[in-house]
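Next comes protein20.pdb, a file with PDB, C-alpha atoms.
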```
ATOM      1  CA  MET G 225     -18.772   7.603 -21.076
ATOM      2  CA  ARG G 226     -15.246   6.927 -22.343
ATOM      3  CA  ALA G 227     -12.861   5.078 -20.048
ATOM      4  CA  THR G 228      -9.353   3.678 -20.397
ATOM      5  CA  VAL G 229      -9.417  -0.024 -19.610
ATOM      6  CA  VAL G 230      -6.733  -2.574 -18.794
ATOM      7  CA  THR G 231      -7.978  -5.695 -20.566
ATOM      8  CA  ALA G 232      -4.836  -7.810 -20.029
ATOM      9  CA  PHE G 233      -1.381  -7.212 -18.533
ATOM     10  CA  ASP G 234       0.395  -7.835 -21.850
ATOM     11  CA  GLN G 235      -1.839  -5.585 -23.951
ATOM     12  CA  PRO G 236      -2.076  -1.789 -24.472
ATOM     13  CA  LEU G 237      -4.924  -0.052 -22.678
ATOM     14  CA  GLU G 238      -8.151   0.384 -24.627
ATOM     15  CA  VAL G 239     -10.384   3.441 -24.638
ATOM     16  CA  GLN G 240     -13.881   1.970 -24.370
ATOM     17  CA  GLU G 241     -17.437   3.234 -24.254
ATOM     18  CA  ARG G 242     -19.040   2.256 -20.942
ATOM     19  CA  PRO G 243     -22.270   3.164 -19.166
ATOM     20  CA  VAL G 244     -21.950   6.029 -16.704
ATOM     21  CA  PRO G 245     -21.876   4.271 -13.308
ATOM     22  CA  GLU G 246     -24.551   4.890 -10.683
ATOM     23  CA  PRO G 247     -23.485   5.878  -7.156
ATOM     24  CA  GLY G 248     -24.622   3.419  -4.504
ATOM     25  CA  PRO G 249     -25.258   4.128  -0.820
ATOM     26  CA  GLY G 250     -22.445   6.231   0.609
ATOM     27  CA  GLU G 251     -21.002   6.952  -2.833
ATOM     28  CA  VAL G 252     -20.653   9.953  -5.141
ATOM     29  CA  LEU G 253     -20.524  10.156  -8.928
ATOM     30  CA  VAL G 254     -17.718  12.461 -10.052
ATOM     31  CA  ARG G 255     -17.404  13.995 -13.514
ATOM     32  CA  ILE G 256     -13.642  13.874 -14.046
ATOM     33  CA  GLU G 257     -11.935  17.115 -15.062
ATOM     34  CA  ALA G 258      -8.340  15.904 -14.759
ATOM     35  CA  SER G 259      -6.604  12.673 -13.779
ATOM     36  CA  GLY G 260      -2.897  12.467 -13.024
ATOM     37  CA  LEU G 261      -0.877   9.618 -14.509
ATOM     38  CA  CYS G 262       1.214   7.872 -11.863
ATOM     39  CA  HIS G 263       3.924   5.249 -12.286
ATOM     40  CA  THR G 264       1.690   3.034 -10.145
ATOM     41  CA  ASP G 265      -0.821   3.056 -13.005
ATOM     42  CA  ILE G 266       1.862   1.488 -15.190
ATOM     43  CA  HIS G 267       2.669  -1.146 -12.562
ATOM     44  CA  ALA G 268      -1.065  -1.897 -12.326
ATOM     45  CA  ALA G 269      -1.500  -2.119 -16.104
ATOM     46  CA  GLN G 270       1.474  -4.479 -16.413
ATOM     47  CA  GLY G 271       0.684  -6.595 -13.350
ATOM     48  CA  ASP G 272       4.129  -5.932 -11.888
ATOM     49  CA  TRP G 273       3.358  -6.334  -8.196
ATOM     50  CA  PRO G 274       2.797  -9.500  -6.140
ATOM     51  CA  VAL G 275      -0.870  -8.669  -5.462
ATOM     52  CA  LYS G 276      -2.265  -7.943  -8.902
ATOM     53  CA  PRO G 277      -5.477  -6.174  -9.909
ATOM     54  CA  THR G 278      -8.045  -8.164 -11.867
ATOM     55  CA  PRO G 279      -8.670  -7.097 -15.482
ATOM     56  CA  PRO G 280     -10.728  -5.524 -16.846
ATOM     57  CA  PHE G 281     -10.336  -2.400 -14.719
ATOM     58  CA  VAL G 282      -9.969   1.368 -15.084
ATOM     59  CA  PRO G 283      -6.685   2.702 -13.615
ATOM     60  CA  GLY G 284      -6.063   6.149 -12.135
ATOM     61  CA  HIS G 285      -5.943   7.367  -8.538
ATOM     62  CA  GLU G 286      -5.446  11.108  -9.038
ATOM     63  CA  GLY G 287      -8.900  11.936 -10.338
ATOM     64  CA  VAL G 288     -10.320  15.414  -9.699
ATOM     65  CA  GLY G 289     -13.766  16.545 -10.719
ATOM     66  CA  ILE G 290     -17.243  17.727  -9.860
ATOM     67  CA  VAL G 291     -19.762  15.726  -7.843
ATOM     68  CA  GLU G 292     -22.769  15.204 -10.142
ATOM     69  CA  ARG G 293     -24.857  12.765  -8.093
ATOM     70  CA  VAL G 294     -24.803  11.442  -4.545
ATOM     71  CA  GLY G 295     -25.993   8.107  -3.250
ATOM     72  CA  SER G 296     -28.255   7.598  -0.270
ATOM     73  CA  GLY G 297     -26.806   8.488   3.117
ATOM     74  CA  VAL G 298     -24.135  10.861   1.775
ATOM     75  CA  THR G 299     -23.675  13.912   4.001
ATOM     76  CA  GLU G 300     -19.968  14.668   3.457
ATOM     77  CA  HIS G 301     -20.337  16.182  -0.025
ATOM     78  CA  ALA G 302     -22.983  17.787  -2.206
ATOM     79  CA  VAL G 303     -23.645  18.099  -5.900
ATOM     80  CA  GLY G 304     -21.325  20.753  -7.336
ATOM     81  CA  ASP G 305     -18.411  20.139  -4.946
ATOM     82  CA  ARG G 306     -14.980  19.689  -6.522
ATOM     83  CA  VAL G 307     -13.304  16.642  -4.992
ATOM     84  CA  ALA G 308     -10.199  14.514  -5.392
ATOM     85  CA  ILE G 309     -10.318  10.711  -5.583
ATOM     86  CA  PRO G 310      -7.108   9.358  -3.992
ATOM     87  CA  TRP G 311      -5.353   5.984  -3.898
ATOM     88  CA  LEU G 312      -7.067   5.065  -0.630
ATOM     89  CA  GLY G 313     -10.500   4.397  -2.078
ATOM     90  CA  TRP G 314     -12.037   2.775   0.998
ATOM     91  CA  ALA G 315     -10.992   1.599   4.453
ATOM     92  CA  CYS G 316     -12.936  -0.158   7.177
ATOM     93  CA  GLY G 317     -12.940   2.817   9.560
ATOM     94  CA  THR G 318     -12.964   0.605  12.665
ATOM     95  CA  CYS G 319      -9.603  -1.201  12.906
ATOM     96  CA  ASP G 320      -6.743  -0.014  15.121
ATOM     97  CA  TYR G 321      -5.060   1.686  12.167
ATOM     98  CA  CYS G 322      -8.151   3.545  11.015
ATOM     99  CA  VAL G 323      -9.092   4.870  14.431
ATOM    100  CA  SER G 324      -5.520   5.948  15.256
ATOM    101  CA  GLY G 325      -5.050   8.099  12.148
ATOM    102  CA  TRP G 326      -3.204   5.489  10.067
ATOM    103  CA  GLU G 327      -6.038   4.551   7.708
ATOM    104  CA  THR G 328      -3.489   3.999   4.932
ATOM    105  CA  LEU G 329      -2.363   0.857   6.822
ATOM    106  CA  CYS G 330      -5.860  -0.628   7.040
ATOM    107  CA  GLU G 331      -5.630  -4.292   6.061
ATOM    108  CA  SER G 332      -9.095  -4.183   4.491
ATOM    109  CA  GLN G 333      -8.484  -1.138   2.306
ATOM    110  CA  LEU G 334      -9.496  -0.967  -1.344
ATOM    111  CA  ASN G 335      -7.361   1.090  -3.689
ATOM    112  CA  THR G 336      -8.599   3.324  -6.486
ATOM    113  CA  GLY G 337      -7.549   2.285  -9.964
ATOM    114  CA  TYR G 338      -6.522  -1.115  -8.613
ATOM    115  CA  ALA G 339      -9.349  -2.820  -6.735
ATOM    116  CA  ILE G 340     -11.864  -0.071  -7.627
ATOM    117  CA  ASP G 341     -12.282   1.484 -11.071
ATOM    118  CA  GLY G 342     -10.335   4.738 -11.121
ATOM    119  CA  GLY G 343     -10.192   8.180 -12.632
ATOM    120  CA  HIS G 344      -8.805   7.666 -16.149
ATOM    121  CA  ALA G 345     -12.326   8.048 -17.486
ATOM    122  CA  GLU G 346     -14.988  10.701 -17.966
ATOM    123  CA  TYR G 347     -16.813   9.647 -14.784
ATOM    124  CA  ALA G 348     -15.945   7.696 -11.660
ATOM    125  CA  VAL G 349     -17.816   6.500  -8.597
ATOM    126  CA  ALA G 350     -16.070   6.838  -5.232
ATOM    127  CA  ALA G 351     -16.793   6.390  -1.534
ATOM    128  CA  ALA G 352     -17.938   9.774  -0.227
ATOM    129  CA  ARG G 353     -15.980   9.369   3.029
ATOM    130  CA  TYR G 354     -12.685   8.959   1.193
ATOM    131  CA  VAL G 355     -12.781  11.723  -1.396
ATOM    132  CA  VAL G 356     -11.306  15.056  -0.330
ATOM    133  CA  ARG G 357     -12.706  18.486  -1.161
ATOM    134  CA  VAL G 358     -10.467  20.645  -3.354
ATOM    135  CA  PRO G 359     -10.312  24.252  -2.108
ATOM    136  CA  ALA G 360     -11.602  27.012  -4.346
ATOM    137  CA  GLY G 361      -8.942  28.570  -6.529
ATOM    138  CA  ILE G 362      -6.923  25.408  -7.198
ATOM    139  CA  ASP G 363      -6.923  24.425 -10.865
ATOM    140  CA  PRO G 364      -8.122  20.795 -11.167
ATOM    141  CA  VAL G 365      -5.153  20.061 -13.444
ATOM    142  CA  GLU G 366      -2.846  21.031 -10.563
ATOM    143  CA  ALA G 367      -4.985  19.360  -7.903
ATOM    144  CA  ALA G 368      -4.730  16.006  -9.695
ATOM    145  CA  PRO G 369      -0.955  15.447  -9.178
ATOM    146  CA  LEU G 370      -1.255  16.644  -5.583
ATOM    147  CA  THR G 371      -3.760  13.851  -4.936
ATOM    148  CA  CYS G 372      -1.015  11.200  -5.054
ATOM    149  CA  ALA G 373       2.396  12.619  -6.002
ATOM    150  CA  GLY G 374       1.853  15.492  -3.597
ATOM    151  CA  VAL G 375       0.399  13.682  -0.610
ATOM    152  CA  THR G 376       2.814  10.742  -0.980
ATOM    153  CA  THR G 377       5.925  12.914  -0.859
ATOM    154  CA  TYR G 378       4.477  15.230   1.782
ATOM    155  CA  LYS G 379       3.912  12.200   4.000
ATOM    156  CA  ALA G 380       7.455  10.966   3.311
ATOM    157  CA  VAL G 381       8.885  14.272   4.495
ATOM    158  CA  LYS G 382       6.630  14.203   7.566
ATOM    159  CA  VAL G 383       7.590  10.674   8.630
ATOM    160  CA  ALA G 384      11.256  11.554   8.077
ATOM    161  CA  ALA G 385      10.787  14.297  10.683
ATOM    162  CA  VAL G 386      12.901  16.732   8.660
ATOM    163  CA  ARG G 387      14.235  19.483  10.898
ATOM    164  CA  PRO G 388      15.318  22.996   9.882
ATOM    165  CA  GLY G 389      18.877  23.018   8.618
ATOM    166  CA  GLU G 390      19.076  19.308   7.877
ATOM    167  CA  ARG G 391      20.354  18.186   4.491
ATOM    168  CA  VAL G 392      17.810  16.147   2.517
ATOM    169  CA  ALA G 393      18.592  14.189  -0.664
ATOM    170  CA  ILE G 394      15.786  13.498  -3.121
ATOM    171  CA  PHE G 395      16.652  10.532  -5.342
ATOM    172  CA  GLY G 396      14.553  10.932  -8.476
ATOM    173  CA  ILE G 397      13.324  14.348  -9.573
ATOM    174  CA  GLY G 398      10.124  14.137 -11.575
ATOM    175  CA  GLY G 399       6.419  13.883 -10.922
ATOM    176  CA  LEU G 400       6.989  13.022  -7.264
ATOM    177  CA  GLY G 401      10.485  14.362  -6.752
ATOM    178  CA  HIS G 402       9.840  17.981  -7.696
ATOM    179  CA  LEU G 403       7.127  18.052  -5.016
ATOM    180  CA  ALA G 404       9.200  16.167  -2.417
ATOM    181  CA  GLN G 405      11.914  18.767  -2.830
ATOM    182  CA  GLN G 406       9.474  21.604  -2.185
ATOM    183  CA  TYR G 407       8.036  19.968   0.932
ATOM    184  CA  ALA G 408      11.518  19.280   2.327
ATOM    185  CA  GLN G 409      12.346  22.954   1.805
ATOM    186  CA  LEU G 410       9.103  24.035   3.493
ATOM    187  CA  PHE G 411      10.191  21.993   6.518
ATOM    188  CA  GLY G 412      13.480  23.914   6.523
ATOM    189  CA  GLY G 413      15.666  21.350   4.790
ATOM    190  CA  GLU G 414      18.648  22.043   2.535
ATOM    191  CA  THR G 415      17.945  19.912  -0.531
ATOM    192  CA  VAL G 416      20.186  17.770  -2.725
ATOM    193  CA  ALA G 417      18.518  16.793  -6.014
ATOM    194  CA  VAL G 418      19.758  13.522  -7.545
ATOM    195  CA  ASP G 419      18.746  12.424 -11.042
ATOM    196  CA  VAL G 420      20.171  11.155 -14.325
ATOM    197  CA  THR G 421      18.514  13.775 -16.520
ATOM    198  CA  GLY G 422      19.853  17.292 -16.925
ATOM    199  CA  GLU G 423      16.407  18.719 -17.617
ATOM    200  CA  LYS G 424      15.055  17.419 -14.324
ATOM    201  CA  LEU G 425      18.059  18.735 -12.433
ATOM    202  CA  GLU G 426      17.470  22.153 -13.945
ATOM    203  CA  LEU G 427      13.868  21.906 -12.749
ATOM    204  CA  ALA G 428      15.193  21.144  -9.263
ATOM    205  CA  ARG G 429      17.462  24.171  -9.459
ATOM    206  CA  SER G 430      14.533  26.407 -10.445
ATOM    207  CA  LEU G 431      12.619  25.133  -7.410
ATOM    208  CA  GLY G 432      15.411  26.004  -4.994
ATOM    209  CA  ALA G 433      17.643  22.934  -4.676
ATOM    210  CA  THR G 434      20.961  23.821  -3.047
ATOM    211  CA  HIS G 435      22.916  20.972  -4.652
ATOM    212  CA  LEU G 436      22.466  19.099  -7.943
ATOM    213  CA  VAL G 437      23.925  15.631  -8.510
ATOM    214  CA  ASN G 438      23.849  14.052 -11.964
ATOM    215  CA  ALA G 439      24.074  10.324 -11.255
ATOM    216  CA  ALA G 440      24.616   9.630 -14.973
ATOM    217  CA  THR G 441      27.949  11.431 -15.039
ATOM    218  CA  THR G 442      29.257  11.126 -11.491
ATOM    219  CA  ASP G 443      29.201   8.769  -8.525
ATOM    220  CA  PRO G 444      26.341  10.173  -6.397
ATOM    221  CA  VAL G 445      27.663   8.557  -3.216
ATOM    222  CA  GLU G 446      31.116  10.087  -3.632
ATOM    223  CA  GLU G 447      29.678  13.496  -4.486
ATOM    224  CA  ILE G 448      27.196  13.566  -1.603
ATOM    225  CA  ILE G 449      29.720  12.285   0.915
ATOM    226  CA  GLY G 450      31.924  15.133  -0.309
ATOM    227  CA  LEU G 451      29.200  17.532   0.816
ATOM    228  CA  GLY G 452      29.263  15.957   4.279
ATOM    229  CA  GLY G 453      26.523  13.387   3.666
ATOM    230  CA  VAL G 454      22.826  13.865   4.222
ATOM    231  CA  ASP G 455      20.544  13.549   7.222
ATOM    232  CA  VAL G 456      17.600  12.233   5.190
ATOM    233  CA  ALA G 457      17.467  10.375   1.878
ATOM    234  CA  ILE G 458      14.064  10.001   0.205
ATOM    235  CA  VAL G 459      14.081   7.397  -2.569
ATOM    236  CA  LEU G 460      11.572   7.902  -5.362
ATOM    237  CA  ALA G 461      13.410   6.001  -8.120
ATOM    238  CA  ALA G 462      12.220   2.381  -8.405
ATOM    239  CA  SER G 463      15.685   0.826  -8.373
ATOM    240  CA  PRO G 464      17.415  -1.342  -5.739
ATOM    241  CA  ARG G 465      20.743   0.167  -6.844
ATOM    242  CA  VAL G 466      19.494   3.683  -6.081
ATOM    243  CA  ILE G 467      18.255   2.568  -2.664
ATOM    244  CA  GLY G 468      21.755   1.271  -1.927
ATOM    245  CA  GLN G 469      23.281   4.566  -3.030
ATOM    246  CA  ALA G 470      20.871   6.526  -0.841
ATOM    247  CA  HIS G 471      21.754   4.417   2.191
ATOM    248  CA  ALA G 472      25.477   4.944   1.595
ATOM    249  CA  CYS G 473      25.034   8.742   1.535
ATOM    250  CA  LEU G 474      23.555   9.003   5.031
ATOM    251  CA  ARG G 475      25.294  10.620   7.954
ATOM    252  CA  ARG G 476      25.225   8.995  11.396
ATOM    253  CA  GLY G 477      21.694   9.071  12.742
ATOM    254  CA  GLY G 478      20.322   9.449   9.212
ATOM    255  CA  ARG G 479      16.915   8.363   7.958
ATOM    256  CA  LEU G 480      16.353   6.401   4.759
ATOM    257  CA  VAL G 481      12.781   6.833   3.506
ATOM    258  CA  LEU G 482      11.585   4.287   0.951
ATOM    259  CA  VAL G 483       8.682   5.371  -1.238
ATOM    260  CA  SER G 484       9.214   3.740  -4.640
ATOM    261  CA  LEU G 485       8.331   0.084  -5.161
ATOM    262  CA  PRO G 486      10.915  -1.737  -7.327
ATOM    263  CA  LYS G 487       9.445  -4.835  -8.893
ATOM    264  CA  GLU G 488      12.550  -6.747  -7.710
ATOM    265  CA  ASN G 489      11.123  -6.246  -4.179
ATOM    266  CA  THR G 490      14.460  -6.751  -2.387
ATOM    267  CA  VAL G 491      17.590  -4.729  -1.738
ATOM    268  CA  PRO G 492      20.829  -5.700   0.069
ATOM    269  CA  LEU G 493      20.949  -3.910   3.418
ATOM    270  CA  PRO G 494      24.424  -3.351   4.918
ATOM    271  CA  VAL G 495      23.671  -4.311   8.504
ATOM    272  CA  PHE G 496      26.969  -3.204  10.087
ATOM    273  CA  GLU G 497      26.675   0.305   8.652
ATOM    274  CA  THR G 498      22.993   0.522   9.554
ATOM    275  CA  VAL G 499      23.608  -0.488  13.172
ATOM    276  CA  LEU G 500      26.887   1.329  13.814
ATOM    277  CA  LYS G 501      25.704   4.571  12.214
ATOM    278  CA  GLY G 502      22.293   4.394  13.900
ATOM    279  CA  ILE G 503      20.441   4.614  10.587
ATOM    280  CA  THR G 504      16.649   4.361  10.526
ATOM    281  CA  VAL G 505      14.894   2.775   7.541
ATOM    282  CA  ILE G 506      11.322   4.006   7.048
ATOM    283  CA  GLY G 507       8.670   2.764   4.637
ATOM    284  CA  SER G 508       6.215   5.503   3.671
ATOM    285  CA  ILE G 509       2.959   4.780   1.847
ATOM    286  CA  VAL G 510       0.862   7.678   0.484
ATOM    287  CA  GLY G 511      -0.973   9.828   3.045
ATOM    288  CA  THR G 512      -4.301  10.097   4.802
ATOM    289  CA  ARG G 513      -7.272  12.305   3.998
ATOM    290  CA  ALA G 514      -5.997  14.749   6.596
ATOM    291  CA  ASP G 515      -2.555  14.821   4.925
ATOM    292  CA  LEU G 516      -4.153  15.511   1.542
ATOM    293  CA  ALA G 517      -6.209  18.362   2.998
ATOM    294  CA  GLU G 518      -2.946  19.872   4.312
ATOM    295  CA  VAL G 519      -1.330  19.480   0.884
ATOM    296  CA  PHE G 520      -4.234  21.330  -0.718
ATOM    297  CA  ARG G 521      -4.076  24.126   1.870
ATOM    298  CA  LEU G 522      -0.356  24.630   1.244
ATOM    299  CA  HIS G 523      -0.949  24.832  -2.490
ATOM    300  CA  ALA G 524      -3.894  27.191  -2.106
ATOM    301  CA  ALA G 525      -1.616  29.442  -0.032
ATOM    302  CA  GLY G 526       0.904  29.565  -2.898
ATOM    303  CA  ARG G 527       3.570  27.533  -1.091
ATOM    304  CA  THR G 528       4.029  24.873  -3.782
ATOM    305  CA  ARG G 529       4.256  24.706  -7.559
ATOM    306  CA  VAL G 530       3.063  21.778  -9.683
ATOM    307  CA  VAL G 531       4.913  21.145 -12.927
ATOM    308  CA  TYR G 532       2.795  19.181 -15.365
ATOM    309  CA  GLU G 533       1.935  18.481 -18.982
ATOM    310  CA  VAL G 534      -1.608  17.814 -20.201
ATOM    311  CA  ARG G 535      -2.478  14.896 -22.467
ATOM    312  CA  LYS G 536      -5.810  13.675 -23.803
ATOM    313  CA  LEU G 537      -7.388  10.541 -22.376
ATOM    314  CA  ASP G 538      -6.912   8.555 -25.575
ATOM    315  CA  GLU G 539      -3.159   9.280 -25.477
ATOM    316  CA  ILE G 540      -2.668   7.173 -22.361
ATOM    317  CA  ASN G 541      -0.474   4.491 -23.948
ATOM    318  CA  ASP G 542       1.900   7.070 -25.433
ATOM    319  CA  ALA G 543       1.921   8.925 -22.111
ATOM    320  CA  MET G 544       2.886   5.766 -20.232
ATOM    321  CA  ALA G 545       5.687   5.134 -22.739
ATOM    322  CA  ASP G 546       6.982   8.667 -22.170
ATOM    323  CA  ILE G 547       7.083   8.087 -18.408
ATOM    324  CA  LEU G 548       8.972   4.813 -18.802
ATOM    325  CA  ALA G 549      11.477   6.513 -21.112
ATOM    326  CA  SER G 550      11.906   9.510 -18.740
ATOM    327  CA  ARG G 551      10.645  11.851 -21.442
ATOM    328  CA  ALA G 552       8.184  13.549 -19.059
ATOM    329  CA  ALA G 553       9.708  16.492 -17.194
ATOM    330  CA  ALA G 554       7.348  16.062 -14.252
ATOM    331  CA  ARG G 555       3.699  14.964 -13.961
ATOM    332  CA  LEU G 556       1.471  14.027 -16.890
ATOM    333  CA  VAL G 557      -2.218  14.803 -16.465
ATOM    334  CA  LEU G 558      -4.977  13.292 -18.589
ATOM    335  CA  GLN G 559      -8.110  15.191 -19.519
ATOM    336  CA  PRO G 560     -11.247  13.742 -21.164
TER     337      PRO G 560
END
```
Give the structure from this file in C-alpha cells form.
Amino acid sequence: MRATVVTAFDQPLEVQERPVPEPGPGEVLVRIEASGLCHTDIHAAQGDWPVKPTPPFVPGHEGVGIVERVGSGVTEHAVGDRVAIPWLGWACGTCDYCVSGWETLCESQLNTGYAIDGGHAEYAVAAARYVVRVPAGIDPVEAAPLTCAGVTTYKAVKVAAVRPGERVAIFGIGGLGHLAQQYAQLFGGETVAVDVTGEKLELARSLGATHLVNAATTDPVEEIIGLGGVDVAIVLAASPRVIGQAHACLRRGGRLVLVSLPKENTVPLPVFETVLKGITVIGSIVGTRADLAEVFRLHAAGRTRVVYEVRKLDEINDAMADILASRAAARLVLQP
C-alpha cells in the first residue's frame, strides 16, 4: 500500500510503499476511502507539541473506509461495514474517565496518527471498539471531516451549554469553524463569525451567521462589544492573541471555550475581569464515540453541511502548506 510518512520533524512527508498491515486481536483492517487533513496533522509532522510522536509514523485521524478484515474476537464490526477512525484510537476502558463517559480524558489513551499509524494511507489498522460506524447515505468524503472537525466542535458547543437565544462567537471560520457555527445554530444560538479572510466570512454568511467580523480590518473586541458582547466564545484559531480577544468579548456570566492548541502554550488571563464578570474558562478536547455517532446522525438527517476540497494522497505537503497559508476555504480531504 501507499502511505504518507513523517520521517523527521524538519523534513517533508514522504509517500512510501509499505506492506498492508494485518489486524491483530480486537482490530479491524480498513481500506481508506477518504482521510481529512487536520491542523493537528501539521503539528504532529512538525513536532510542535510538548509530547511528540516518534517518527516514522503515518498521520491522519479522520480516516473513513470499508472494513476488509477483522482480527480475532471482533464482534463490533463486520467485513463490509463503513467506519470512521477518530483521534481517540484506544483507551483503557476501565479508569474513572472511561466508565463515566469521558473516555477522551483517559490517561492511557493512544491517539490515531500520533501514537498509532493513521489514515493518510490506503489502509489502516484500528481498534474495533474505537471506530464508529458511518450511517448509510453519508458520502465518505463528508464523513471524514466530521470524524474530527465535526465531533470536536460539536463537543465544544455541548460543553459550553449553549442555550436558545444566546449569542455565540466563533473565532476562526474554516475546517472546524464552519461546523462549529452550524452546531451553535442547531442549539439555538445567534452566531458571530470572526475571521481575517473575506472568503471564510462569506462562507459563514451562507451558513446562517447573524454577524460577520473581519478581524483584519477592524478591532473584533470593539465590534463585538458594540453588539452587546457574547455569551459564549469558542476559540478555534491557534493564537494566544485571539484567545485574549475572545475573553474580552464575553458578557457577564460568559463561557470561554478553548479548542485550539497554540504552540506557545500560555495566554495571559485577566483575573479581575474573569472573577468579577463570573466568566468560565472551559477546555474542550474532541468528543467520544457517542458524540461522533450523534454528529453522524445529524448529518444523515440533513442538519449540517460539510464544505471541503479533495486532494490526492501524494499532494499532502502542498495541502499542508495551503492550510498554513489559509488558502483552504474549509476542510481538505485526501483520497488514495
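Distances here use only C-alpha atoms; by that measure, the residue among G:Leu485, G:Ile467, G:Val437, G:Leu537 closest to G:Val282 is G:Leu537.
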Hey, what comes out of the PyMOL selection byres ((chain G and resi 524-529) around 7) on this file? Could you write it as a PyMOL selection string?
chain G and resi 361-362+406+520-523+530-531
Around all listed atoms of stretch 443-454 of chain G, padded 5 Å per side, what centre and edge lengths does the axis-aligned box have in Å to one decimal, as JSON?
```
{"center_x": 27.4, "center_y": 13.0, "center_z": -2.1, "size_x": 19.1, "size_y": 19.0, "size_z": 22.8}
```
Pick out the residues sitting within 7 Å of G:Glu346, and hand them over as a PyMOL selection string; count all atoms listed in the file, and ignore anything fewer than 4 positions along from it in its own chain.
chain G and resi 225-227+255-256+560
Contacts of stretch 417-429 of chain G within 12 Å, only C-alpha atoms, excl. fewer than 4 positions in-chain, as an mmCIF file with C-alpha atoms, keeping the file's coordinate frame:
```
data_model
loop_
_atom_site.group_PDB
_atom_site.id
_atom_site.type_symbol
_atom_site.label_atom_id
_atom_site.label_comp_id
_atom_site.auth_asym_id
_atom_site.auth_seq_id
_atom_site.Cartn_x
_atom_site.Cartn_y
_atom_site.Cartn_z
ATOM 1 C CA ARG G 391 20.354 18.186 4.491
ATOM 2 C CA VAL G 392 17.810 16.147 2.517
ATOM 3 C CA ALA G 393 18.592 14.189 -0.664
ATOM 4 C CA ILE G 394 15.786 13.498 -3.121
ATOM 5 C CA PHE G 395 16.652 10.532 -5.342
ATOM 6 C CA GLY G 396 14.553 10.932 -8.476
ATOM 7 C CA ILE G 397 13.324 14.348 -9.573
ATOM 8 C CA GLY G 398 10.124 14.137 -11.575
ATOM 9 C CA GLY G 399 6.419 13.883 -10.922
ATOM 10 C CA LEU G 400 6.989 13.022 -7.264
ATOM 11 C CA GLY G 401 10.485 14.362 -6.752
ATOM 12 C CA HIS G 402 9.840 17.981 -7.696
ATOM 13 C CA LEU G 403 7.127 18.052 -5.016
ATOM 14 C CA ALA G 404 9.200 16.167 -2.417
ATOM 15 C CA GLN G 405 11.914 18.767 -2.830
ATOM 16 C CA GLN G 406 9.474 21.604 -2.185
ATOM 17 C CA ALA G 408 11.518 19.280 2.327
ATOM 18 C CA GLN G 409 12.346 22.954 1.805
ATOM 19 C CA ALA G 433 17.643 22.934 -4.676
ATOM 20 C CA THR G 434 20.961 23.821 -3.047
ATOM 21 C CA HIS G 435 22.916 20.972 -4.652
ATOM 22 C CA LEU G 436 22.466 19.099 -7.943
ATOM 23 C CA VAL G 437 23.925 15.631 -8.510
ATOM 24 C CA ASN G 438 23.849 14.052 -11.964
ATOM 25 C CA ALA G 439 24.074 10.324 -11.255
ATOM 26 C CA ALA G 440 24.616 9.630 -14.973
ATOM 27 C CA THR G 441 27.949 11.431 -15.039
ATOM 28 C CA THR G 442 29.257 11.126 -11.491
ATOM 29 C CA ASP G 443 29.201 8.769 -8.525
ATOM 30 C CA PRO G 444 26.341 10.173 -6.397
ATOM 31 C CA VAL G 445 27.663 8.557 -3.216
ATOM 32 C CA GLU G 447 29.678 13.496 -4.486
ATOM 33 C CA ILE G 448 27.196 13.566 -1.603
ATOM 34 C CA VAL G 454 22.826 13.865 4.222
ATOM 35 C CA ALA G 457 17.467 10.375 1.878
ATOM 36 C CA ILE G 458 14.064 10.001 0.205
ATOM 37 C CA VAL G 459 14.081 7.397 -2.569
ATOM 38 C CA LEU G 460 11.572 7.902 -5.362
ATOM 39 C CA ALA G 461 13.410 6.001 -8.120
ATOM 40 C CA VAL G 466 19.494 3.683 -6.081
ATOM 41 C CA GLN G 469 23.281 4.566 -3.030
ATOM 42 C CA ALA G 470 20.871 6.526 -0.841
ATOM 43 C CA CYS G 473 25.034 8.742 1.535
ATOM 44 C CA ARG G 529 4.256 24.706 -7.559
ATOM 45 C CA VAL G 530 3.063 21.778 -9.683
ATOM 46 C CA VAL G 531 4.913 21.145 -12.927
ATOM 47 C CA TYR G 532 2.795 19.181 -15.365
ATOM 48 C CA ALA G 549 11.477 6.513 -21.112
ATOM 49 C CA SER G 550 11.906 9.510 -18.740
ATOM 50 C CA ARG G 551 10.645 11.851 -21.442
ATOM 51 C CA ALA G 552 8.184 13.549 -19.059
ATOM 52 C CA ALA G 553 9.708 16.492 -17.194
ATOM 53 C CA ALA G 554 7.348 16.062 -14.252
ATOM 54 C CA ARG G 555 3.699 14.964 -13.961
#
```
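What separates atom CA of G:Glu251 from atom CA of G:Ser296 is a distance of 7.7 Å.
Once the PyMOL selection byres ((chain G and resi 341) around 6) is applied to the depicted file, the selected set reads Phe281, Val282, Gly337, Ile340 and Gly342 of chain G.
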Expand the PyMOL selection byres ((chain G and resi 305) around 9) into the explicit residue set it covers here, and present it as a compact mmCIF listing (two decimals) with C-alpha atoms, in the coordinates of the input.
```
# COMPACT_ATOMS: atom_id res chain seq x y z
CA GLY G 289 -13.77 16.55 -10.72
CA ILE G 290 -17.24 17.73 -9.86
CA VAL G 291 -19.76 15.73 -7.84
CA GLU G 292 -22.77 15.20 -10.14
CA HIS G 301 -20.34 16.18 -0.02
CA ALA G 302 -22.98 17.79 -2.21
CA VAL G 303 -23.64 18.10 -5.90
CA GLY G 304 -21.32 20.75 -7.34
CA ARG G 306 -14.98 19.69 -6.52
CA VAL G 307 -13.30 16.64 -4.99
CA ARG G 357 -12.71 18.49 -1.16
CA VAL G 358 -10.47 20.64 -3.35
```
Contacts of G:Leu261 at 12 Å (only C-alpha atoms; same-chain gap of 5+ positions) as a VMD selection string:
chain G and resid 228 266 to 269 283 to 287 337 342 to 345 365 368 to 373 399 to 400 532 to 537 539 to 548 552 554 to 559
Selected residue, from G:Gly413, G:Ala472, G:Val323, G:Gly260, that lies nearest to G:Leu493 when counting only C-alpha atoms
G:Ala472
Just checking: using only C-alpha atoms, which residue out of G:Glu497, G:Glu246, G:Glu390, G:Glu238 ends up closest to G:Gly468?
G:Glu497
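Separating atom CA of G:Arg475 from atom CA of G:Pro388 is a distance of 16.0 Å.
Nearest residue to G:Leu329 among G:Ala348, G:Ala315, G:Leu500, G:Val356 is G:Ala315, counting all atoms listed in the file.
Taking atom CA of G:Glu331 and atom CA of G:Cys319 as endpoints, the distance between them is 8.5 Å.
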